[in-house]
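The next block holds one structure in the form of structure tokens; read it before the comments.
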Amino acid sequence: MSRARPSVAGAALRAEVETPQGIWSAGLGFAVTDPRCPAHTYVSCLHLLGPAGGLPVPLAPAAFFPDAVPIVDAYDQALLALSTGLVDVPRATADVPWRDILALQLPPLHGCHLYVRRREAASAGEQLNIAAPPRDGRPPWVHPATVERAVGPLFTVRLQSPDTSPRGWSGAPVLDARARWVGMLVRGSTGSAVAVHASAVVVQLRHAYAARVTAG
């Protein structure tokens, strides 16, 4: 696939899986690159493979993603890539926010916008943006937010629009003013959200790809 078409939704993506009950698609995700990972990667939240994503019970990623799945634009549903398979993240679990990571490997050629992480962690008082498509058909936009606190691998943000609910935004990229990836949204309630620092996600991706090499 060509790289010529970036996502019109600010690179908010979704994976789609064909099931006996129809197409499953929940939450958000985005594409990242890292010099120590051998491939581009779609990242999202593991907890979406359960009731939070509309499934009756939690499912293991290996059972849910046995083959390549479409990666689509979350705003207009345009097909941007076909993943080449699951990246098995060691110790990933939906129960621990900073380990709530789902990863799919992308092919060498794809249409997903690639985010590069910012090395500096998010800091209290910083203005950031959550990339997520609106629900009412308006043009794509990002949701401004202010970092309230940063502790360990997590930070919390307060949405500029206090009545906005981030429900359905799990896996959305959190960006700085230069559109660099600072974190991934993993939890949320009306007016606020919790994100895991980009560096914590990248460390786990590196471990995942390194384990692949060792196993091979």
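We name chains A, B, ... following the order of the structure tokens; residues begin at 1 in each chain, and ligands are numbered from 1 as shown.
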Residue neighbourhood A:Val32, 7 Å, only C-alpha atoms, exclusion window fewer than 3 positions, as an mmCIF file with all heavy atoms, in the first residue's frame:
```
data_model
loop_
_atom_site.group_PDB
_atom_site.id
_atom_site.type_symbol
_atom_site.label_atom_id
_atom_site.label_comp_id
_atom_site.auth_asym_id
_atom_site.auth_seq_id
_atom_site.Cartn_x
_atom_site.Cartn_y
_atom_site.Cartn_z
ATOM 1 N N HIS A 40 7.386 -1.242 11.534
ATOM 2 C CA HIS A 40 6.392 -0.287 12.004
ATOM 3 C C HIS A 40 5.302 -1.065 12.740
ATOM 4 O O HIS A 40 5.000 -2.208 12.391
ATOM 5 C CB HIS A 40 5.785 0.485 10.840
ATOM 6 C CG HIS A 40 6.789 1.288 10.079
ATOM 7 N ND1 HIS A 40 6.582 1.740 8.802
ATOM 8 C CD2 HIS A 40 8.030 1.734 10.435
ATOM 9 C CE1 HIS A 40 7.637 2.424 8.393
ATOM 10 N NE2 HIS A 40 8.523 2.420 9.355
ATOM 11 N N THR A 41 4.720 -0.432 13.750
ATOM 12 C CA THR A 41 3.804 -1.138 14.634
ATOM 13 C C THR A 41 2.529 -0.346 14.886
ATOM 14 O O THR A 41 2.585 0.865 15.134
ATOM 15 C CB THR A 41 4.472 -1.426 15.993
ATOM 16 O OG1 THR A 41 5.768 -2.000 15.777
ATOM 17 C CG2 THR A 41 3.630 -2.379 16.826
ATOM 18 N N TYR A 42 1.391 -1.033 14.820
ATOM 19 C CA TYR A 42 0.115 -0.469 15.247
ATOM 20 C C TYR A 42 -0.035 -0.779 16.728
ATOM 21 O O TYR A 42 0.082 -1.937 17.143
ATOM 22 C CB TYR A 42 -1.027 -1.105 14.448
ATOM 23 C CG TYR A 42 -2.415 -0.846 15.000
ATOM 24 C CD1 TYR A 42 -3.136 0.286 14.630
ATOM 25 C CD2 TYR A 42 -3.009 -1.754 15.880
ATOM 26 C CE1 TYR A 42 -4.422 0.505 15.124
ATOM 27 C CE2 TYR A 42 -4.297 -1.537 16.374
ATOM 28 C CZ TYR A 42 -4.988 -0.404 15.996
ATOM 29 O OH TYR A 42 -6.252 -0.185 16.495
ATOM 30 N N LEU A 114 2.882 7.755 10.477
ATOM 31 C CA LEU A 114 3.789 7.213 11.483
ATOM 32 C C LEU A 114 4.167 8.281 12.499
ATOM 33 O O LEU A 114 4.665 9.349 12.135
ATOM 34 C CB LEU A 114 5.068 6.689 10.817
ATOM 35 C CG LEU A 114 5.006 5.297 10.199
ATOM 36 C CD1 LEU A 114 6.300 5.027 9.438
ATOM 37 C CD2 LEU A 114 4.785 4.237 11.269
ATOM 38 N N TYR A 115 3.950 7.987 13.768
ATOM 39 C CA TYR A 115 4.358 8.898 14.827
ATOM 40 C C TYR A 115 5.725 8.506 15.366
ATOM 41 O O TYR A 115 6.027 7.330 15.540
ATOM 42 C CB TYR A 115 3.351 8.866 15.975
ATOM 43 C CG TYR A 115 2.122 9.689 15.702
ATOM 44 C CD1 TYR A 115 0.856 9.108 15.718
ATOM 45 C CD2 TYR A 115 2.212 11.044 15.431
ATOM 46 C CE1 TYR A 115 -0.277 9.865 15.476
ATOM 47 C CE2 TYR A 115 1.085 11.797 15.182
ATOM 48 C CZ TYR A 115 -0.154 11.210 15.206
ATOM 49 O OH TYR A 115 -1.268 11.956 14.964
ATOM 50 N N VAL A 116 6.520 9.518 15.646
ATOM 51 C CA VAL A 116 7.809 9.345 16.312
ATOM 52 C C VAL A 116 7.660 9.883 17.731
ATOM 53 O O VAL A 116 7.116 10.968 17.929
ATOM 54 C CB VAL A 116 8.921 10.097 15.567
ATOM 55 C CG1 VAL A 116 10.242 9.975 16.301
ATOM 56 C CG2 VAL A 116 9.045 9.572 14.141
#
```
Practice prompt. Give the strand (DSSP E or B) residues of stretch 11-215 of chain A, as assigned by DSSP on the backbone, as a VMD selection string.
Written response: chain A and resid 13 to 15 17 to 19 22 to 24 29 to 32 41 to 44 70 to 73 79 to 82 85 to 87 102 to 105 114 to 115 117 127 to 131 142 to 151 154 to 159 173 to 175 181 to 189 192 to 197
Discussion item. Set the distance at 12 Å and use only C-alpha atoms: which residues neighbour A:Met184 once local chain neighbours fewer than 5 positions away are removed? I'd like the list as a PyMOL selection string.
Written reply: chain A and resi 12+27-32+42-45+97-102+115+117+122+128-132+153-157+169-175+193-202
Save the residues we just selected, N, CA and C atoms, as a short mmCIF file (atom, residue, chain, number, x, y, z; two decimals), in the first residue's frame?
```cif
data_model
loop_
_atom_site.label_atom_id
_atom_site.label_comp_id
_atom_site.auth_asym_id
_atom_site.auth_seq_id
_atom_site.Cartn_x
_atom_site.Cartn_y
_atom_site.Cartn_z
N ALA A 12 -5.74 8.66 13.87
CA ALA A 12 -6.44 7.76 14.78
C ALA A 12 -6.95 6.59 13.95
N GLY A 27 -12.40 1.03 20.05
CA GLY A 27 -11.32 1.88 20.50
C GLY A 27 -10.54 2.50 19.36
N LEU A 28 -9.33 2.91 19.66
CA LEU A 28 -8.46 3.53 18.67
C LEU A 28 -7.07 2.92 18.74
N GLY A 29 -6.24 3.33 17.82
CA GLY A 29 -4.84 2.93 17.80
C GLY A 29 -4.09 3.88 16.90
N PHE A 30 -2.79 3.67 16.76
CA PHE A 30 -1.99 4.52 15.89
C PHE A 30 -0.71 3.79 15.52
N ALA A 31 -0.02 4.29 14.52
CA ALA A 31 1.18 3.63 14.00
C ALA A 31 2.42 4.35 14.48
N VAL A 32 3.42 3.57 14.92
CA VAL A 32 4.64 4.15 15.46
C VAL A 32 5.87 3.51 14.81
N TYR A 42 1.39 -1.03 14.82
CA TYR A 42 0.11 -0.47 15.25
C TYR A 42 -0.03 -0.78 16.73
N VAL A 43 -0.27 0.24 17.55
CA VAL A 43 -0.43 0.02 18.98
C VAL A 43 -1.82 0.46 19.43
N SER A 44 -2.36 -0.26 20.40
CA SER A 44 -3.66 0.05 20.95
C SER A 44 -3.71 -0.54 22.36
N CYS A 45 -4.93 -0.70 22.92
CA CYS A 45 -5.10 -1.20 24.28
C CYS A 45 -5.62 -2.63 24.28
N PRO A 97 -2.60 -0.64 33.87
CA PRO A 97 -2.68 0.38 32.81
C PRO A 97 -1.44 0.50 31.94
N TRP A 98 -0.24 0.49 32.53
CA TRP A 98 0.95 0.69 31.71
C TRP A 98 1.39 -0.56 30.97
N ARG A 99 0.72 -1.69 31.22
CA ARG A 99 0.98 -2.90 30.45
C ARG A 99 -0.22 -3.27 29.58
N ASP A 100 -1.16 -2.36 29.47
CA ASP A 100 -2.38 -2.58 28.70
C ASP A 100 -2.11 -2.29 27.22
N ILE A 101 -1.30 -3.15 26.61
CA ILE A 101 -0.77 -2.87 25.27
C ILE A 101 -1.09 -4.00 24.31
N LEU A 102 -1.63 -3.63 23.18
CA LEU A 102 -1.86 -4.53 22.06
C LEU A 102 -1.03 -4.02 20.89
N TYR A 115 3.95 7.99 13.77
CA TYR A 115 4.36 8.90 14.83
C TYR A 115 5.72 8.51 15.37
N ARG A 117 8.12 9.14 18.70
CA ARG A 117 7.91 9.56 20.08
C ARG A 117 8.83 10.72 20.47
N ALA A 122 5.86 13.64 29.48
CA ALA A 122 4.87 14.67 29.76
C ALA A 122 5.09 15.23 31.16
N LEU A 128 -1.34 19.42 25.87
CA LEU A 128 -1.21 18.34 24.91
C LEU A 128 -2.52 18.19 24.14
N ASN A 129 -2.54 17.25 23.21
CA ASN A 129 -3.74 16.99 22.41
C ASN A 129 -3.97 15.49 22.29
N ILE A 130 -5.22 15.09 22.39
CA ILE A 130 -5.60 13.70 22.15
C ILE A 130 -6.17 13.61 20.75
N ALA A 131 -5.59 12.76 19.91
CA ALA A 131 -6.06 12.61 18.53
C ALA A 131 -7.18 11.59 18.51
N ALA A 132 -8.40 12.08 18.32
CA ALA A 132 -9.56 11.19 18.27
C ALA A 132 -10.62 11.83 17.40
N PRO A 153 5.09 5.49 35.10
CA PRO A 153 4.83 5.33 33.66
C PRO A 153 3.53 5.97 33.19
N LEU A 154 2.76 6.58 34.10
CA LEU A 154 1.47 7.13 33.74
C LEU A 154 1.40 8.64 33.96
N PHE A 155 0.49 9.30 33.23
CA PHE A 155 0.16 10.69 33.51
C PHE A 155 -1.33 10.90 33.27
N THR A 156 -1.90 11.86 33.98
CA THR A 156 -3.32 12.16 33.85
C THR A 156 -3.48 13.51 33.17
N VAL A 157 -4.54 13.64 32.40
CA VAL A 157 -4.83 14.89 31.70
C VAL A 157 -6.27 15.31 31.98
N TRP A 169 -12.12 6.14 23.23
CA TRP A 169 -10.83 6.67 22.79
C TRP A 169 -9.64 5.84 23.28
N SER A 170 -9.87 4.75 23.97
CA SER A 170 -8.75 3.94 24.44
C SER A 170 -7.83 3.61 23.28
N GLY A 171 -6.53 3.82 23.47
CA GLY A 171 -5.56 3.59 22.42
C GLY A 171 -5.25 4.81 21.59
N ALA A 172 -5.87 5.96 21.88
CA ALA A 172 -5.61 7.17 21.10
C ALA A 172 -4.23 7.74 21.42
N PRO A 173 -3.54 8.30 20.43
CA PRO A 173 -2.26 8.94 20.70
C PRO A 173 -2.43 10.29 21.38
N VAL A 174 -1.56 10.56 22.34
CA VAL A 174 -1.50 11.87 22.99
C VAL A 174 -0.28 12.58 22.44
N LEU A 175 -0.49 13.79 21.90
CA LEU A 175 0.53 14.47 21.12
C LEU A 175 0.91 15.81 21.73
N ALA A 193 -8.59 11.87 31.55
CA ALA A 193 -8.09 10.61 30.99
C ALA A 193 -6.74 10.29 31.60
N VAL A 194 -6.38 9.03 31.50
CA VAL A 194 -5.07 8.54 31.95
C VAL A 194 -4.33 8.00 30.74
N ALA A 195 -3.05 8.32 30.65
CA ALA A 195 -2.23 7.85 29.52
C ALA A 195 -0.95 7.22 30.04
N VAL A 196 -0.41 6.31 29.27
CA VAL A 196 0.89 5.72 29.58
C VAL A 196 1.93 6.44 28.73
N HIS A 197 3.06 6.77 29.35
CA HIS A 197 4.12 7.48 28.64
C HIS A 197 4.59 6.69 27.42
N ALA A 198 4.93 7.39 26.36
CA ALA A 198 5.41 6.75 25.13
C ALA A 198 6.62 5.89 25.40
N SER A 199 7.52 6.35 26.26
CA SER A 199 8.74 5.59 26.53
C SER A 199 8.41 4.23 27.13
N ALA A 200 7.38 4.15 27.98
CA ALA A 200 7.00 2.87 28.59
C ALA A 200 6.46 1.92 27.54
N VAL A 201 5.71 2.44 26.58
CA VAL A 201 5.19 1.60 25.49
C VAL A 201 6.33 1.10 24.62
N VAL A 202 7.24 1.99 24.27
CA VAL A 202 8.35 1.64 23.37
C VAL A 202 9.24 0.57 24.00
#
```
Worksheet item: Just how far from atom CA of A:Leu59 is atom CA of A:Thr93, in Å to one decimal?
Response: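 Atom-to-atom, atom CA of A:Thr93 to atom CA of A:Leu59, that is 11.3 Å.
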Fill in: Nearest-residue call for A:Arg149, choices A:Pro108, A:Gly53, A:Gly125, A:Gly85, using only C-alpha atoms
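Counting only C-alpha atoms, the residue closest to A:Arg149 is A:Gly125.
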Discussion item. Please determine, counting only C-alpha atoms, which residue among A:Ala103, A:Leu13, A:Cys112, A:Ala68 has the shortest atom-to-atom distance to A:Leu46.
Written reply: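 That would be A:Ala103, the residue with the smallest distance to A:Leu46.
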Worksheet item: Out of A:Cys37, A:Ala94, A:Val147, A:Val89, which residue has the shortest atom-to-atom distance to A:Gly183 when counting only C-alpha atoms?
Response: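 So, comparing all the options, the nearest one is A:Val147.
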Discussion item. So that I can check the surroundings of A:Leu55, please list as JSON, numbers by chain every protein, DNA and RNA residue that reaches within 12 Å of it, counting only C-alpha atoms and ignoring chain neighbours fewer than 5 positions away.
Written reply: {"A": [19, 21, 22, 23, 24, 25, 26, 47, 48, 49, 50, 60, 64]}
Can you write out the residues you just picked, keeping all heavy atoms, as a CSV table (one decimal), in the first residue's frame?
```csv
chain,number,residue,atom,x,y,z
A,19,THR,N,-15.6,-11.7,12.6
A,19,THR,CA,-16.1,-12.7,13.6
A,19,THR,C,-17.4,-13.3,13.1
A,19,THR,O,-18.0,-12.7,12.2
A,19,THR,CB,-16.3,-12.1,15.0
A,19,THR,OG1,-17.5,-11.3,15.0
A,19,THR,CG2,-15.1,-11.2,15.4
A,21,GLN,N,-20.1,-13.1,14.5
A,21,GLN,CA,-21.1,-12.2,14.8
A,21,GLN,C,-21.0,-10.9,14.0
A,21,GLN,O,-21.8,-10.0,14.1
A,21,GLN,CB,-21.1,-11.8,16.3
A,21,GLN,CG,-21.5,-12.9,17.2
A,21,GLN,CD,-20.5,-14.0,17.3
A,21,GLN,OE1,-19.3,-13.7,17.4
A,21,GLN,NE2,-20.9,-15.3,17.4
A,22,GLY,N,-20.0,-10.8,13.1
A,22,GLY,CA,-19.8,-9.6,12.3
A,22,GLY,C,-18.4,-9.0,12.5
A,22,GLY,O,-17.6,-9.6,13.1
A,23,ILE,N,-18.3,-7.8,12.0
A,23,ILE,CA,-17.0,-7.1,12.1
A,23,ILE,C,-16.8,-6.5,13.5
A,23,ILE,O,-17.7,-5.7,14.0
A,23,ILE,CB,-16.8,-6.0,11.0
A,23,ILE,CG1,-16.9,-6.6,9.6
A,23,ILE,CG2,-15.5,-5.3,11.2
A,23,ILE,CD1,-15.7,-7.6,9.3
A,24,TRP,N,-15.7,-6.9,14.2
A,24,TRP,CA,-15.4,-6.2,15.5
A,24,TRP,C,-14.4,-5.1,15.2
A,24,TRP,O,-13.4,-5.2,14.5
A,24,TRP,CB,-14.7,-7.2,16.4
A,24,TRP,CG,-14.2,-6.6,17.7
A,24,TRP,CD1,-14.8,-6.4,18.8
A,24,TRP,CD2,-12.9,-6.0,17.9
A,24,TRP,NE1,-14.0,-5.8,19.7
A,24,TRP,CE2,-12.8,-5.5,19.2
A,24,TRP,CE3,-11.8,-5.9,17.0
A,24,TRP,CZ2,-11.7,-4.9,19.7
A,24,TRP,CZ3,-10.6,-5.2,17.5
A,24,TRP,CH2,-10.6,-4.8,18.8
A,25,SER,N,-14.7,-3.9,15.8
A,25,SER,CA,-13.8,-2.8,15.7
A,25,SER,C,-14.1,-1.9,16.9
A,25,SER,O,-15.3,-1.5,17.1
A,25,SER,CB,-14.1,-2.0,14.4
A,25,SER,OG,-13.1,-1.0,14.3
A,26,ALA,N,-13.1,-1.7,17.8
A,26,ALA,CA,-13.3,-0.9,19.0
A,26,ALA,C,-12.1,-0.1,19.3
A,26,ALA,O,-11.0,-0.4,19.0
A,26,ALA,CB,-13.7,-1.9,20.2
A,47,HIS,N,-7.2,-4.1,26.7
A,47,HIS,CA,-8.5,-4.3,27.3
A,47,HIS,C,-9.7,-4.2,26.3
A,47,HIS,O,-10.8,-4.5,26.7
A,47,HIS,CB,-8.7,-3.2,28.5
A,47,HIS,CG,-9.0,-1.8,28.0
A,47,HIS,ND1,-8.1,-0.8,28.1
A,47,HIS,CD2,-10.1,-1.3,27.6
A,47,HIS,CE1,-8.6,0.3,27.7
A,47,HIS,NE2,-9.9,0.1,27.4
A,48,LEU,N,-9.4,-3.7,25.1
A,48,LEU,CA,-10.5,-3.6,24.1
A,48,LEU,C,-10.9,-5.0,23.7
A,48,LEU,O,-12.0,-5.2,23.1
A,48,LEU,CB,-10.0,-2.8,22.9
A,48,LEU,CG,-9.8,-1.3,23.2
A,48,LEU,CD1,-9.1,-0.7,22.0
A,48,LEU,CD2,-11.1,-0.6,23.5
A,49,LEU,N,-10.1,-6.0,24.0
A,49,LEU,CA,-10.5,-7.4,23.6
A,49,LEU,C,-11.3,-8.1,24.7
A,49,LEU,O,-10.9,-9.1,25.3
A,49,LEU,CB,-9.2,-8.3,23.3
A,49,LEU,CG,-8.3,-7.8,22.2
A,49,LEU,CD1,-7.2,-8.8,22.0
A,49,LEU,CD2,-9.1,-7.4,21.0
A,50,GLY,N,-12.3,-7.4,25.1
A,50,GLY,CA,-13.2,-7.8,26.2
A,50,GLY,C,-14.5,-7.0,26.2
A,50,GLY,O,-14.8,-6.3,25.3
A,60,ALA,N,-7.9,-13.8,24.4
A,60,ALA,CA,-6.4,-13.7,24.2
A,60,ALA,C,-6.1,-13.1,22.8
A,60,ALA,O,-6.7,-13.5,21.8
A,60,ALA,CB,-5.8,-15.1,24.4
A,64,PHE,N,-7.6,-14.0,18.9
A,64,PHE,CA,-8.4,-13.0,18.2
A,64,PHE,C,-7.7,-12.5,16.9
A,64,PHE,O,-8.4,-12.0,16.0
A,64,PHE,CB,-8.7,-11.8,19.2
A,64,PHE,CG,-9.9,-11.0,18.8
A,64,PHE,CD1,-11.1,-11.6,18.9
A,64,PHE,CD2,-9.8,-9.7,18.4
A,64,PHE,CE1,-12.3,-10.8,18.6
A,64,PHE,CE2,-10.9,-8.9,18.1
A,64,PHE,CZ,-12.2,-9.5,18.2
```
Item to complete: Could you tell me, as a PyMOL selection string, which residues of stretch 55-208 of chain A DSSP assigns to alpha helix (DSSP H) when given the backbone?
Response: chain A and resi 61-64+198-208
Fill in: A:Pro70, A:Gly111, A:Pro20, A:Gly188 ranked by distance to A:Thr84, top pick (using only C-alpha atoms)
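Using only C-alpha atoms, A:Thr84 sits closest to A:Pro70.
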